[in-house]
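Following: one structure in structure tokens, then a few remarks.
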Amino acid sequence: MKRNVSGRGKLILHTRYKLVASLNRTFQGEITEIVRQSRRFFVAKKPYNPRQNFIEQAQAEIFFTCNFCSQGYSMMQAKFERNYYLPDEELKLFIKINNQRCKDDISFTTIKLIRNVKANGQGGRVFTENSMVVQRIYEGFPGRSSTKGFERSMSLFFDDVNAKFLHQRKKKQKEWRQEDLKFAEAFQPSTIGHIYSCLYTVVVNRGFKGCFNYPTGLSSLITINPSEQQVNGFEYVVPPVGWDPMVVDCRSGVSHQYPIQKASDL
């Protein structure tokens, strides 16, 4: 995490994983580092409670601002295709509105992607941030009426937010390296850890003109993982000629032959 001190301390967040390896030589009790290499990588998380074709709903009583008079109840349902996505996919859902018990018209409907970041620091310090990553607004719906079913579709394109991460670094700072640029183009993935977590929630809601209370919307936690296109062909390590490298599984300690690819295959 990096804090930009200008602009009243705006916070810029990036999720980064890096593996560092070094080759050292020991001579007469002194350790000398010969070479050091590092590689950045993605971590794909298993979807939290993976679901498909599920429905979420929300109901709220609507009050006018001028006289706090109740206008009735408005209910909304949303049918999600699933709750796990890749950053180059389209999130699509269908909504059902029951506004028959409400006098007021729905001015607009909206779908948002909310990012929740939590970081545990030293001394028990905890940093949290909730931010809206992207939003789309759709048409409203008249009062005293309802849809026939899940006939209205809403969608979000995660690619819409990719450009934001490309322009977060100021001109005075160092230019992006090719490795940094590759990771900046990618949507910040979901991750859950003891020190740092980055979660995404899709929120669907509606708005009423002159409404005293913003109605409660419906939401669903989703998992966003790196796509194969972002990972394949980028971080593959090509060993020098004559090397016979082995790969060690850090969990089991078992080693096996490294799958060497030809340059023509990359």
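Quick note on naming: the chains in the structure tokens go A, B, ... in the order shown, residues restart at 1 in each chain, and ligands are numbered from 1 in order of appearance.
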Pull the closest atom pair for each residue of range 103-161 of chain A that gets at most 10 Å from range 75-86 of chain A, along with the distance in Å to one decimal, counting only C-alpha atoms, ordering rows by chain and then ascending residue number, as CSV.
```
residue,atom,partner,partner_atom,distance
A:Ser146,CA,A:Met75,CA,9.4
A:Gly149,CA,A:Gln77,CA,9.6
A:Phe150,CA,A:Lys79,CA,7.4
A:Arg152,CA,A:Ala78,CA,9.4
A:Ser153,CA,A:Ala78,CA,9.2
A:Met154,CA,A:Ala78,CA,9.4
A:Phe158,CA,A:Leu86,CA,8.5
```
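For Tyr48 in chain A, the residues within 12 Å (counting only C-alpha atoms, excluding itself and residues fewer than 6 positions away along the chain) are Arg82, Asn83, Tyr84, Tyr85, Ser190, Thr191, Ile192, Leu199, Tyr200, Thr201, Ser220, Leu221, Ile222, Thr223, Ile224 and Asn225 of chain A.
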Give me, as a ChimeraX atom specification, all polymer residues having an atom no more than 9 Å from Glu90 in chain A, counting only C-alpha atoms and skipping those fewer than 2 positions away in the same chain.
/A:85-88,92,155-159
What is the CA of Ser38 in chain A-CA of Gly121 in chain A distance in Å, reported with one decimal?
24.6 Å
Which neighbours of Ile34 in chain A fall inside 7 Å, counting only C-alpha atoms, when residues of the same chain fewer than 2 positions from it are skipped, and could you give them as a list in words?
Leu23, Asn24, Arg25 and Thr32 of chain A
Using C-alpha atoms, can you write the selected residues to a file as a PDB file, in the first residue's frame?
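Result saved to selection-v3.pdb:
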```pdb
ATOM      1  CA  LEU A  23      22.470 -17.622  -4.593  1.00  0.00           C
ATOM      2  CA  ASN A  24      24.983 -17.164  -1.768  1.00  0.00           C
ATOM      3  CA  ARG A  25      28.587 -18.287  -1.236  1.00  0.00           C
ATOM      4  CA  THR A  32      28.474 -13.312  -0.047  1.00  0.00           C
TER       5      THR A  32
END
```
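Pairwise distance (CA of Gln100 in chain A, CA of Pro142 in chain A) equals 9.1 Å.
Residues within 12 Å of Glu33 in chain A, counting only C-alpha atoms and excluding same-chain residues fewer than 2 positions away, are Ala21, Ser22, Leu23, Asn24, Arg25, Thr26, Phe27, Glu30, Ile31, Val35, Arg36 and Gln37 of chain A.
For the pair CA of Gly207 in chain A and CA of Gly143 in chain A, the separation is 12.2 Å.
When only C-alpha atoms are used to compute distances to Ser145 in chain A, the closest of the residues A:Asp244, A:Glu61, A:Asp104, A:Glu56 turns out to be A:Asp104.
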